[in-house]
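K.L.:
mmCIF, C-alpha atoms, file coords.cif:
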data_upload
#
loop_
_atom_site.label_atom_id
_atom_site.label_comp_id
_atom_site.auth_asym_id
_atom_site.auth_seq_id
_atom_site.Cartn_x
_atom_site.Cartn_y
_atom_site.Cartn_z
CA MET A 73 -0.19 -52.15 68.76
CA LYS A 74 3.02 -51.75 66.72
CA THR A 75 1.01 -51.70 63.48
CA ALA A 76 -1.31 -48.99 64.80
CA THR A 77 1.67 -46.96 66.07
CA LEU A 78 3.40 -47.18 62.66
CA ALA A 79 0.24 -46.05 60.84
CA GLY A 80 -0.13 -43.12 63.21
CA THR A 81 3.51 -42.12 62.69
CA CYS A 82 3.10 -42.21 58.89
CA ALA A 83 -0.08 -40.14 59.07
CA THR A 84 1.67 -37.56 61.26
CA ALA A 85 4.62 -37.38 58.84
CA PHE A 86 2.27 -36.99 55.86
CA LEU A 87 0.38 -34.18 57.62
CA ALA A 88 3.67 -32.44 58.43
CA LEU A 89 4.69 -32.58 54.77
CA VAL A 90 1.36 -31.13 53.65
CA LEU A 91 1.57 -28.31 56.19
CA ALA A 92 5.17 -27.57 55.19
CA GLY A 93 4.14 -27.33 51.55
CA CYS A 94 1.29 -24.95 52.40
CA SER A 95 3.57 -22.63 54.37
CA GLN A 96 6.09 -21.90 51.61
CA ASP A 97 4.30 -18.65 50.70
CA GLY A 98 5.06 -17.03 54.04
CA THR A 99 6.11 -13.41 54.31
CA SER A 100 9.45 -14.11 55.93
CA ALA A 101 12.35 -13.78 53.52
CA ALA A 102 14.20 -16.50 55.43
CA SER A 103 11.54 -19.06 54.48
CA SER A 104 11.77 -18.30 50.74
CA PRO A 105 13.09 -21.13 48.56
CA ALA A 106 16.57 -20.63 47.20
CA GLY A 107 17.32 -20.66 43.48
CA PRO A 108 16.05 -18.75 40.43
CA SER A 109 13.23 -16.21 40.64
CA ARG A 110 9.78 -17.79 40.66
CA PRO A 111 6.29 -16.93 41.83
CA ALA A 112 5.60 -17.36 45.53
CA ALA A 113 2.52 -19.40 44.69
CA ALA A 114 1.15 -21.32 41.75
CA SER A 115 -0.29 -19.15 38.97
CA PRO A 116 -4.10 -18.97 38.82
CA ALA A 117 -5.99 -21.05 36.26
CA GLY A 118 -5.48 -19.75 32.74
CA LEU A 119 -1.96 -18.43 33.35
CA THR A 120 1.25 -20.19 32.43
CA ASN A 121 3.14 -21.54 35.43
CA GLY A 122 5.75 -18.91 36.32
CA ILE A 123 3.41 -15.96 35.63
CA ALA A 124 1.20 -14.43 38.32
CA ALA A 125 -2.01 -12.44 37.86
CA LEU A 126 -1.85 -8.65 38.10
CA GLY A 127 -2.67 -7.65 41.66
CA SER A 128 -0.97 -10.62 43.28
CA GLN A 129 2.35 -10.57 45.14
CA GLN A 130 5.55 -12.38 44.24
CA GLN A 131 8.80 -13.02 46.07
CA LEU A 132 11.84 -11.50 44.36
CA GLY A 133 14.21 -14.43 44.36
CA ASP A 134 16.05 -15.10 47.61
CA THR A 135 15.66 -11.54 48.88
CA ALA A 136 13.66 -9.67 51.51
CA TRP A 137 11.52 -8.00 48.83
CA LYS A 138 8.07 -8.83 47.51
CA ALA A 139 6.64 -7.21 44.38
CA THR A 140 3.09 -6.36 43.35
CA VAL A 141 1.95 -4.98 40.00
CA ARG A 142 -1.60 -3.63 40.00
CA ALA A 143 -4.03 -3.82 37.10
CA LEU A 144 -3.29 -1.39 34.28
CA ASN A 145 -5.42 1.76 34.13
CA THR A 146 -6.06 4.21 31.31
CA THR A 147 -4.50 7.60 32.01
CA THR A 148 -4.03 11.01 30.41
CA PRO A 149 -0.43 11.55 29.30
CA PRO A 150 1.18 14.46 31.14
CA PRO A 151 2.20 17.60 29.26
CA GLY A 152 5.36 17.01 27.27
CA ALA A 153 4.91 13.24 26.98
CA LEU A 154 5.33 12.42 23.29
CA LEU A 155 3.31 9.35 22.39
CA PRO A 156 3.46 7.87 18.88
CA ALA A 157 0.41 8.67 16.75
CA GLY A 158 -2.51 6.38 17.53
CA TRP A 159 -0.99 5.00 20.73
CA SER A 160 -2.77 5.10 24.11
CA ALA A 161 -1.49 5.87 27.60
CA VAL A 162 -1.84 3.55 30.60
CA ARG A 163 -0.59 3.74 34.17
CA VAL A 164 1.21 0.86 35.86
CA ARG A 165 1.36 0.90 39.67
CA VAL A 166 4.14 -1.15 41.23
CA GLY A 167 4.76 -1.84 44.91
CA LEU A 168 7.93 -3.23 46.52
CA THR A 169 7.53 -4.41 50.13
CA ASN A 170 10.48 -4.81 52.47
CA THR A 171 9.73 -8.03 54.40
CA GLY A 172 13.12 -8.08 56.12
CA PRO A 173 13.96 -7.01 59.69
CA HIS A 174 16.07 -3.97 58.72
CA VAL A 175 15.87 -0.75 56.72
CA ALA A 176 16.90 -1.61 53.16
CA LEU A 177 17.93 0.27 50.03
CA LEU A 178 15.27 0.18 47.33
CA PRO A 179 16.43 -2.12 44.50
CA ASP A 180 17.12 -0.69 41.05
CA THR A 181 13.83 -1.63 39.37
CA THR A 182 12.80 -1.86 35.72
CA VAL A 183 9.32 -2.67 34.43
CA THR A 184 8.62 -3.87 30.89
CA VAL A 185 5.13 -4.28 29.42
CA ARG A 186 4.47 -6.39 26.30
CA VAL A 187 0.99 -6.71 24.80
CA GLY A 188 -0.90 -9.20 22.65
CA GLY A 189 0.01 -12.67 21.48
CA LEU A 190 3.16 -11.39 19.78
CA GLY A 191 4.29 -9.44 22.84
CA LEU A 192 4.40 -6.09 21.05
CA GLU A 193 6.68 -3.54 22.66
CA THR A 194 5.37 -0.57 24.57
CA LYS A 195 7.07 2.75 25.20
CA PRO A 196 7.60 4.18 28.71
CA PHE A 197 7.03 7.86 29.44
CA THR A 198 7.40 9.99 32.54
CA GLY A 199 5.85 13.16 33.88
CA GLN A 200 3.66 14.47 36.67
CA GLY A 201 1.90 11.52 38.34
CA VAL A 202 3.98 8.90 36.54
CA GLY A 203 7.46 9.62 37.80
CA GLY A 204 8.46 5.97 38.09
CA PHE A 205 11.19 4.69 40.39
CA PRO A 206 14.00 6.94 41.68
CA GLU A 207 17.45 6.62 40.16
CA PRO A 208 19.71 4.14 41.98
CA ASP A 209 22.03 6.92 43.14
CA ALA A 210 19.11 8.47 45.06
CA ALA A 211 19.61 5.68 47.63
CA ALA A 212 15.92 5.51 48.58
CA LYS A 213 15.35 3.51 51.78
CA VAL A 214 12.35 1.47 52.92
CA LYS A 215 11.54 0.54 56.53
CA PRO A 216 10.77 -3.07 57.50
CA GLY A 217 7.18 -3.93 56.62
CA ASN A 218 6.73 -0.80 54.47
CA THR A 219 5.92 -0.68 50.77
CA PHE A 220 7.43 1.70 48.22
CA THR A 221 4.89 2.48 45.48
CA ALA A 222 5.73 3.86 42.05
CA ASP A 223 3.46 4.86 39.17
CA LEU A 224 4.85 4.39 35.67
CA GLY A 225 3.51 5.62 32.34
CA VAL A 226 3.44 3.28 29.35
CA ALA A 227 2.24 3.96 25.81
CA VAL A 228 0.62 0.93 24.16
CA PRO A 229 0.29 0.45 20.38
CA PRO A 230 -3.01 0.85 18.50
CA HIS A 231 -5.64 -1.89 18.86
CA SER A 232 -4.14 -3.05 22.19
CA ALA A 233 -7.34 -2.52 24.20
CA GLY A 234 -8.44 -5.74 25.87
CA GLN A 235 -5.32 -7.60 24.80
CA ARG A 236 -3.03 -9.60 27.07
CA ALA A 237 -0.48 -7.52 28.96
CA THR A 238 2.62 -9.35 30.20
CA VAL A 239 4.63 -7.35 32.75
CA THR A 240 8.25 -8.17 33.53
CA LEU A 241 9.64 -6.69 36.74
CA GLU A 242 13.40 -6.81 37.23
CA ALA A 243 14.95 -5.70 40.52
CA THR A 244 18.69 -5.47 41.20
CA GLN A 245 19.76 -5.12 44.81
CA ALA A 246 22.49 -2.63 45.71
CA GLY A 247 25.95 -4.08 45.15
CA LEU A 248 24.73 -6.92 42.95
CA ALA A 249 24.93 -7.25 39.16
CA GLN A 250 22.28 -9.94 38.69
CA ALA A 251 18.62 -8.91 38.63
CA ASP A 252 15.74 -10.95 40.03
CA ALA A 253 12.87 -11.11 37.53
CA VAL A 254 9.20 -11.94 38.06
CA PHE A 255 6.28 -11.93 35.62
CA PHE A 256 2.70 -10.70 35.94
CA GLU A 257 -0.15 -10.82 33.46
CA GLY A 258 -3.54 -9.22 32.91
CA LYS A 259 -5.31 -7.13 30.28
CA VAL A 260 -4.86 -3.74 28.67
CA PRO A 261 -7.88 -1.57 29.62
CA GLY A 262 -10.67 -1.45 27.07
CA SER A 263 -12.64 -3.76 24.79
CA SER A 264 -10.94 -6.65 23.07
CA ALA A 265 -10.07 -6.62 19.37
CA PRO A 266 -8.80 -9.39 17.05
CA THR A 267 -5.14 -10.26 17.53
CA PRO A 268 -2.64 -11.41 14.92
CA SER A 269 -1.76 -15.09 14.91
CA THR A 270 1.51 -16.03 16.58
CA SER A 271 1.85 -19.29 14.66
CA ALA A 272 3.48 -19.80 11.28
CA PRO A 273 5.15 -22.68 9.41
CA THR A 274 8.63 -23.44 10.65
CA ALA A 275 11.61 -24.19 8.46
CA ALA A 276 12.00 -27.75 7.24
CA GLY A 277 15.71 -27.55 8.02
CA GLY A 278 18.78 -25.38 7.61
CA ALA A 279 19.14 -21.72 8.46
CA ARG A 280 17.46 -20.05 5.42
CA LEU A 281 13.90 -18.90 5.91
CA SER A 282 11.38 -16.59 4.27
CA LEU A 283 10.55 -13.28 5.92
CA GLY A 284 7.51 -13.85 8.13
CA GLN A 285 8.46 -17.46 8.87
CA TRP A 286 9.37 -18.81 12.32
CA SER A 287 12.71 -20.54 12.79
CA PRO A 288 12.78 -23.82 14.72
CA ASP A 289 14.30 -22.03 17.73
CA GLY A 290 11.60 -19.34 17.81
CA ILE A 291 12.93 -16.37 15.82
CA ARG A 292 10.81 -14.51 13.27
CA ILE A 293 11.49 -11.45 11.11
CA SER A 294 8.58 -9.77 9.34
CA PRO A 295 8.66 -8.41 5.79
CA LEU A 296 10.07 -4.87 5.65
CA GLN A 297 7.74 -1.86 5.65
CA LEU A 298 9.10 0.95 3.48
CA ALA A 299 8.60 4.71 3.62
CA ALA A 300 8.83 7.06 0.62
CA ASP A 301 12.11 7.98 -1.05
CA ASN A 302 14.17 10.60 0.74
CA ASN A 303 17.31 11.70 -1.13
CA GLY A 304 18.08 8.23 -2.44
CA HIS A 305 17.21 6.31 0.72
CA ARG A 306 14.05 4.83 2.14
CA GLU A 307 13.43 4.45 5.83
CA ALA A 308 12.23 0.95 6.68
CA SER A 309 11.12 -1.09 9.66
CA LEU A 310 10.81 -4.77 10.48
CA ASP A 311 9.38 -6.63 13.45
CA LEU A 312 11.75 -9.02 15.17
CA SER A 313 9.91 -11.59 17.30
CA VAL A 314 11.46 -14.02 19.78
CA ARG A 315 9.32 -16.87 21.13
CA ASN A 316 10.02 -18.61 24.44
CA ASP A 317 8.81 -22.23 24.27
CA SER A 318 10.34 -23.27 27.59
CA ASN A 319 9.09 -23.34 31.19
CA ALA A 320 11.86 -20.95 32.26
CA PRO A 321 12.48 -17.29 31.31
CA ARG A 322 14.39 -16.72 28.09
CA SER A 323 17.03 -13.99 27.90
CA GLY A 324 15.96 -10.93 25.95
CA MET A 325 16.52 -10.10 22.31
CA GLY A 326 20.29 -9.82 22.03
CA ILE A 327 20.09 -10.11 18.23
CA THR A 328 22.05 -8.14 15.65
CA VAL A 329 20.22 -7.63 12.35
CA ARG A 330 22.11 -7.03 9.10
CA VAL A 331 20.11 -6.04 6.03
CA LEU A 332 21.64 -6.99 2.67
CA VAL A 333 20.11 -5.93 -0.68
CA GLY A 334 20.29 -7.22 -4.24
CA THR A 335 21.96 -10.31 -5.63
CA GLU A 336 25.33 -8.82 -4.65
CA LEU A 337 24.25 -8.83 -0.96
CA THR A 338 25.31 -5.23 -0.43
CA THR A 339 25.07 -4.24 3.24
CA ALA A 340 22.37 -1.60 3.58
CA ASP A 341 22.15 -1.25 7.37
CA THR A 342 22.87 -2.93 10.70
CA ALA A 343 20.90 -2.65 13.95
CA SER A 344 20.95 -4.28 17.37
CA ALA A 345 17.79 -5.38 19.19
CA GLY A 346 19.15 -6.16 22.60
CA LEU A 347 20.08 -3.01 24.47
CA GLY A 348 18.46 -1.55 27.58
CA TYR A 349 14.68 -1.56 27.80
CA HIS A 350 14.17 -4.06 24.95
CA ASP A 351 16.42 -6.65 26.57
CA ALA A 352 14.08 -7.73 29.39
CA PRO A 353 13.70 -11.49 29.86
CA ILE A 354 10.84 -13.16 28.01
CA ALA A 355 8.27 -14.93 30.20
CA PRO A 356 7.74 -18.69 29.89
CA HIS A 357 5.67 -19.62 26.82
CA ARG A 358 5.38 -15.99 25.73
CA THR A 359 6.69 -13.97 22.78
CA ALA A 360 8.44 -10.60 22.59
CA THR A 361 8.46 -8.37 19.52
CA HIS A 362 10.67 -5.35 18.87
CA THR A 363 10.40 -3.03 15.88
CA VAL A 364 13.81 -2.44 14.27
CA HIS A 365 14.29 0.74 12.22
CA ILE A 366 16.79 0.70 9.35
CA SER A 367 17.39 2.34 5.96
CA VAL A 368 17.82 0.90 2.45
CA PRO A 369 18.91 2.50 -0.85
CA SER A 370 15.98 3.51 -3.03
CA ARG A 371 17.62 1.87 -6.03
CA ALA A 372 17.25 -1.52 -4.29
CA VAL A 373 13.45 -1.28 -4.55
CA PRO A 374 11.97 -3.41 -6.01
CA GLY A 375 14.47 -6.19 -5.43
CA ARG A 376 15.64 -8.99 -3.20
CA VAL A 377 16.49 -8.46 0.45
CA THR A 378 18.37 -10.76 2.81
CA VAL A 379 18.29 -10.27 6.59
CA ASP A 380 21.03 -11.92 8.64
CA ALA A 381 20.10 -12.36 12.32
CA GLU A 382 22.99 -13.13 14.68
CA GLN A 383 22.15 -14.20 18.23
CA ARG A 384 24.23 -13.67 21.38
CA GLY A 385 25.93 -17.05 21.18
CA GLY A 386 26.94 -16.52 17.55
CA ASN A 387 24.16 -18.62 15.97
CA ARG A 388 22.96 -17.04 12.74
CA LEU A 389 19.77 -17.25 10.71
CA THR A 390 19.15 -15.98 7.19
CA PHE A 391 15.76 -14.62 6.14
CA GLU A 392 14.97 -13.78 2.51
CA GLY A 393 12.25 -11.72 0.86
CA ILE A 394 11.39 -8.97 -1.59
CA LEU A 395 11.48 -5.19 -1.22
CA LYS A 396 8.44 -3.66 -2.88
#
Written as structure tokens, how would this file's structure read?
P.N.:
Amino acid sequence: MKTATLAGTCATAFLALVLAGCSQDGTSAASSPAGPSRPAAASPAGLTNGIAALGSQQQLGDTAWKATVRALNTTTPPPGALLPAGWSAVRVRVGLTNTGPHVALLPDTTVTVRVGGLGLETKPFTGQGVGGFPEPDAAAKVKPGNTFTADLGVAVPPHSAGQRATVTLEATQAGLAQADAVFFEGKVPGSSAPTPSTSAPTAAGGARLSLGQWSPDGIRISPLQLAADNNGHREASLDLSVRNDSNAPRSGMGITVRVLVGTELTTADTASAGLGYHDAPIAPHRTATHTVHISVPSRAVPGRVTVDAEQRGGNRLTFEGILK
């Protein structure tokens, strides 16, 4: 009888553990696991763990809020919205649900959309029908059990139709400095088109790389694209890509780019890719790309160019190439 009683006790304990594990996605904020932001449930098949499908709901850290990002929809930009040439407009609908027992101030919320394998940046716009979230000083309040819904306008670059869309939602509660971030993923509306490869040879060692090459820690700077001469200077752009190879979010860009020209390494321009909208965290096993705009002297073309990339912690990488 003792053996049978012990087996029954073990079976009961095992069942209790299984049921406890299945109940962790409850709606009560008090039952949410403590610690860093993470999805309330495992990501569906095909998505990296830590990223939820568009349309699902995620717990915002250890708070009373749950977030939902609906599938992206094509929209007509409102009058006055200036989209770059060739870009398309989509609408992003976001819902924040107050699961707590009291009226709560709406968190300060930011939404970032990156598309394609390289996580190309998109550009937000506002107007009638896509007003976005209210400013924090508006002190918008939400009743228990109610959902605040906001529509945001986002311009996506050419050839984005059908490509992967990774959405980062950051919410900062009133009185707090640290944001809770969650990630959603789906597709940009439209038919799919070929995407550029995100892989490239890494450096064999050291900190000197060729433009277009990935560094061992996941930094890449593209060759510079030059405009025509304008009074002795040429506007230029480069794509700065940061790859997150870990299972946890990676902090945003936070990289200062210095462009040096010629064998004398004359400083042509300096730019920072880590302020405001571009500084959203990068989802696990995803890449973010930001286009940096700079200027170089016309006399430096054709010629050598050196790009020094300094990260937040002071680590520096040197990329080399040719202006032509």
K.L.:
Kindly indicate which residue among A:Ser264, A:Gln297, A:Ser370, A:Thr363 lies nearest to Thr194 (chain A), using all atoms listed in the file for the distances.
P.N.:
A:Thr363
K.L.:
Which residue is closest to Gln131 (chain A)? Choose from A:Gly199, A:Pro369, A:Pro156, A:Gly167 and count only C-alpha atoms.
P.N.:
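The shortest atom-to-atom distance to Gln131 (chain A) comes from A:Gly167.
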K.L.:
Pick out the residues sitting within 12 Å of Val187 (chain A), and hand them over as JSON, numbers by chain; count all atoms listed in the file, and ignore anything fewer than 5 positions along from it in its own chain.
P.N.:
{"A": [144, 192, 193, 194, 195, 226, 227, 228, 229, 230, 231, 232, 233, 234, 235, 236, 237, 238, 239, 240, 256, 257, 258, 259, 260, 261, 267, 268, 358, 359, 360, 361, 362]}
K.L.:
Looking at all atoms listed in the file, which of A:Lys396, A:Lys213, A:Arg280, A:Lys138 is the one that sits closest to Ala299 (chain A)?
P.N.:
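Of the candidates, the smallest distance to Ala299 (chain A) is held by A:Lys396.
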K.L.:
What does the distance from CA of Asp134 (chain A) to CA of Ala211 (chain A) come to in Å, to one decimal?
P.N.:
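Spanning CA of Asp134 (chain A) to CA of Ala211 (chain A) is a straight-line distance of 21.1 Å.
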K.L.:
CA of Gly284 (chain A) to CA of Val331 (chain A): how many Å, to one decimal?
P.N.:
15.0 Å
K.L.:
Which residue gives the smallest distance to Arg165 (chain A) among A:Thr335, A:Thr181, A:Ser309, A:Thr140, with all atoms listed in the file counted?
P.N.:
A:Thr140
K.L.:
Point out the residue among A:Ala340, A:Thr390, A:Arg322, A:His305 with the least atom-to-atom distance to Arg371 (chain A), counting all atoms listed in the file.
P.N.:
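That would be A:His305, the residue with the smallest distance to Arg371 (chain A).
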K.L.:
Counting all atoms listed in the file, find residues at most 12 Å from (3.8, 2.8, 31.8) (file frame) and give them as a ChimeraX atom specification.
P.N.:
/A:141-150,153,155,160-166,182-186,193-199,201-205,222-228,237,239-240,260
K.L.:
Quick one: which residues end up in the PyMOL selection byres ((chain A and resi 377-385) around 7) for this structure, as a count of residues only?
P.N.:
21
K.L.:
Record the distance separating CA of Gly262 (chain A) and CA of Gly191 (chain A), expressed in Å with one decimal.
P.N.:
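Computing it gives 17.5 Å between the two atoms.
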K.L.:
Any idea what's packed within 6 Å of Gly290 (chain A), counting all atoms listed in the file, ignoring anything in its chain fewer than 3 positions away? Could you give it as JSON, numbers by chain?
P.N.:
{"A": [286, 287, 314, 315]}
K.L.:
Which residues are close to Ser367 (chain A), i.e. within 6 Å by all atoms listed in the file, leaving aside same-chain residues fewer than 4 positions away? Reply as JSON, numbers by chain.
P.N.:
{"A": [306, 307, 308]}
K.L.:
Excluding same-chain residues fewer than 6 positions from region 119-123 of chain A, what lies within 8 Å of it counting all atoms listed in the file, as a ChimeraX atom specification?
P.N.:
/A:110-111,254-257,319-320,355-357
K.L.:
Measuring between all atoms listed in the file, which one of A:Leu337, A:Ala345, A:Ala352, A:Ala251 shows the shortest distance to Asp180 (chain A)?
P.N.:
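The closest residue to Asp180 (chain A) is A:Ala251.
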K.L.:
Missing atoms in region 313-347 of chain A should be modelled up to N, CA and C atoms and reported as a short mmCIF file (atom, residue, chain, number, x, y, z; two decimals), keeping the file's coordinate frame.
P.N.:
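This is the output file part-v6.cif:
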data_model
loop_
_atom_site.label_atom_id
_atom_site.label_comp_id
_atom_site.auth_asym_id
_atom_site.auth_seq_id
_atom_site.Cartn_x
_atom_site.Cartn_y
_atom_site.Cartn_z
N SER A 313 10.62 -10.89 16.23
CA SER A 313 9.91 -11.59 17.30
C SER A 313 10.76 -12.75 17.81
N VAL A 314 10.76 -12.92 19.14
CA VAL A 314 11.46 -14.02 19.78
C VAL A 314 10.46 -14.76 20.65
N ARG A 315 10.30 -16.06 20.41
CA ARG A 315 9.32 -16.87 21.13
C ARG A 315 10.03 -17.75 22.17
N ASN A 316 9.48 -17.77 23.37
CA ASN A 316 10.02 -18.61 24.44
C ASN A 316 9.13 -19.83 24.60
N ASP A 317 9.60 -21.00 24.17
CA ASP A 317 8.81 -22.23 24.27
C ASP A 317 9.11 -23.03 25.52
N SER A 318 9.92 -22.50 26.42
CA SER A 318 10.34 -23.27 27.59
C SER A 318 9.55 -22.87 28.83
N ASN A 319 9.74 -23.63 29.91
CA ASN A 319 9.09 -23.34 31.19
C ASN A 319 9.87 -22.34 32.03
N ALA A 320 11.02 -21.91 31.54
CA ALA A 320 11.86 -20.95 32.26
C ALA A 320 11.96 -19.67 31.44
N PRO A 321 12.29 -18.53 32.08
CA PRO A 321 12.48 -17.29 31.31
C PRO A 321 13.56 -17.44 30.25
N ARG A 322 13.39 -16.75 29.15
CA ARG A 322 14.39 -16.72 28.09
C ARG A 322 15.03 -15.34 28.08
N SER A 323 16.35 -15.29 27.93
CA SER A 323 17.03 -13.99 27.90
C SER A 323 16.48 -13.15 26.76
N GLY A 324 16.57 -11.85 26.91
CA GLY A 324 15.96 -10.93 25.95
C GLY A 324 16.51 -11.05 24.55
N MET A 325 16.23 -10.05 23.74
CA MET A 325 16.52 -10.10 22.31
C MET A 325 17.97 -10.47 22.01
N GLY A 326 18.88 -9.54 22.26
CA GLY A 326 20.29 -9.82 22.03
C GLY A 326 20.60 -10.27 20.63
N ILE A 327 19.94 -9.69 19.63
CA ILE A 327 20.09 -10.11 18.23
C ILE A 327 20.55 -8.93 17.39
N THR A 328 21.59 -9.15 16.60
CA THR A 328 22.05 -8.14 15.65
C THR A 328 21.49 -8.45 14.26
N VAL A 329 20.86 -7.46 13.65
CA VAL A 329 20.22 -7.63 12.35
C VAL A 329 21.02 -6.90 11.28
N ARG A 330 21.42 -7.64 10.24
CA ARG A 330 22.11 -7.03 9.10
C ARG A 330 21.24 -7.17 7.86
N VAL A 331 20.98 -6.05 7.20
CA VAL A 331 20.11 -6.04 6.03
C VAL A 331 20.98 -5.93 4.78
N LEU A 332 20.87 -6.92 3.90
CA LEU A 332 21.64 -6.99 2.67
C LEU A 332 20.69 -6.92 1.48
N VAL A 333 21.03 -6.13 0.45
CA VAL A 333 20.11 -5.93 -0.68
C VAL A 333 20.74 -6.41 -1.98
N GLY A 334 19.86 -6.81 -2.90
CA GLY A 334 20.29 -7.22 -4.24
C GLY A 334 20.95 -8.58 -4.26
N THR A 335 21.27 -9.03 -5.47
CA THR A 335 21.96 -10.31 -5.63
C THR A 335 23.41 -10.23 -5.17
N GLU A 336 23.95 -9.00 -5.10
CA GLU A 336 25.33 -8.82 -4.65
C GLU A 336 25.44 -8.82 -3.12
N LEU A 337 24.29 -8.84 -2.43
CA LEU A 337 24.25 -8.83 -0.96
C LEU A 337 25.01 -7.64 -0.39
N THR A 338 24.70 -6.47 -0.92
CA THR A 338 25.31 -5.23 -0.43
C THR A 338 24.71 -4.87 0.93
N THR A 339 25.56 -4.60 1.91
CA THR A 339 25.07 -4.24 3.24
C THR A 339 24.40 -2.88 3.20
N ALA A 340 23.12 -2.85 3.56
CA ALA A 340 22.37 -1.60 3.58
C ALA A 340 22.36 -0.98 4.96
N ASP A 341 22.22 -1.80 6.01
CA ASP A 341 22.15 -1.25 7.37
C ASP A 341 22.34 -2.39 8.38
N THR A 342 22.71 -1.99 9.59
CA THR A 342 22.87 -2.93 10.70
C THR A 342 22.24 -2.32 11.94
N ALA A 343 21.53 -3.14 12.72
CA ALA A 343 20.90 -2.65 13.95
C ALA A 343 20.94 -3.74 14.99
N SER A 344 20.95 -3.33 16.27
CA SER A 344 20.95 -4.28 17.37
C SER A 344 19.65 -4.18 18.14
N ALA A 345 19.02 -5.33 18.39
CA ALA A 345 17.79 -5.38 19.19
C ALA A 345 18.10 -6.12 20.47
N GLY A 346 18.81 -5.48 21.36
CA GLY A 346 19.15 -6.16 22.60
C GLY A 346 19.83 -5.24 23.58
N LEU A 347 19.45 -3.97 23.57
CA LEU A 347 20.08 -3.01 24.47
C LEU A 347 19.04 -2.37 25.36
#
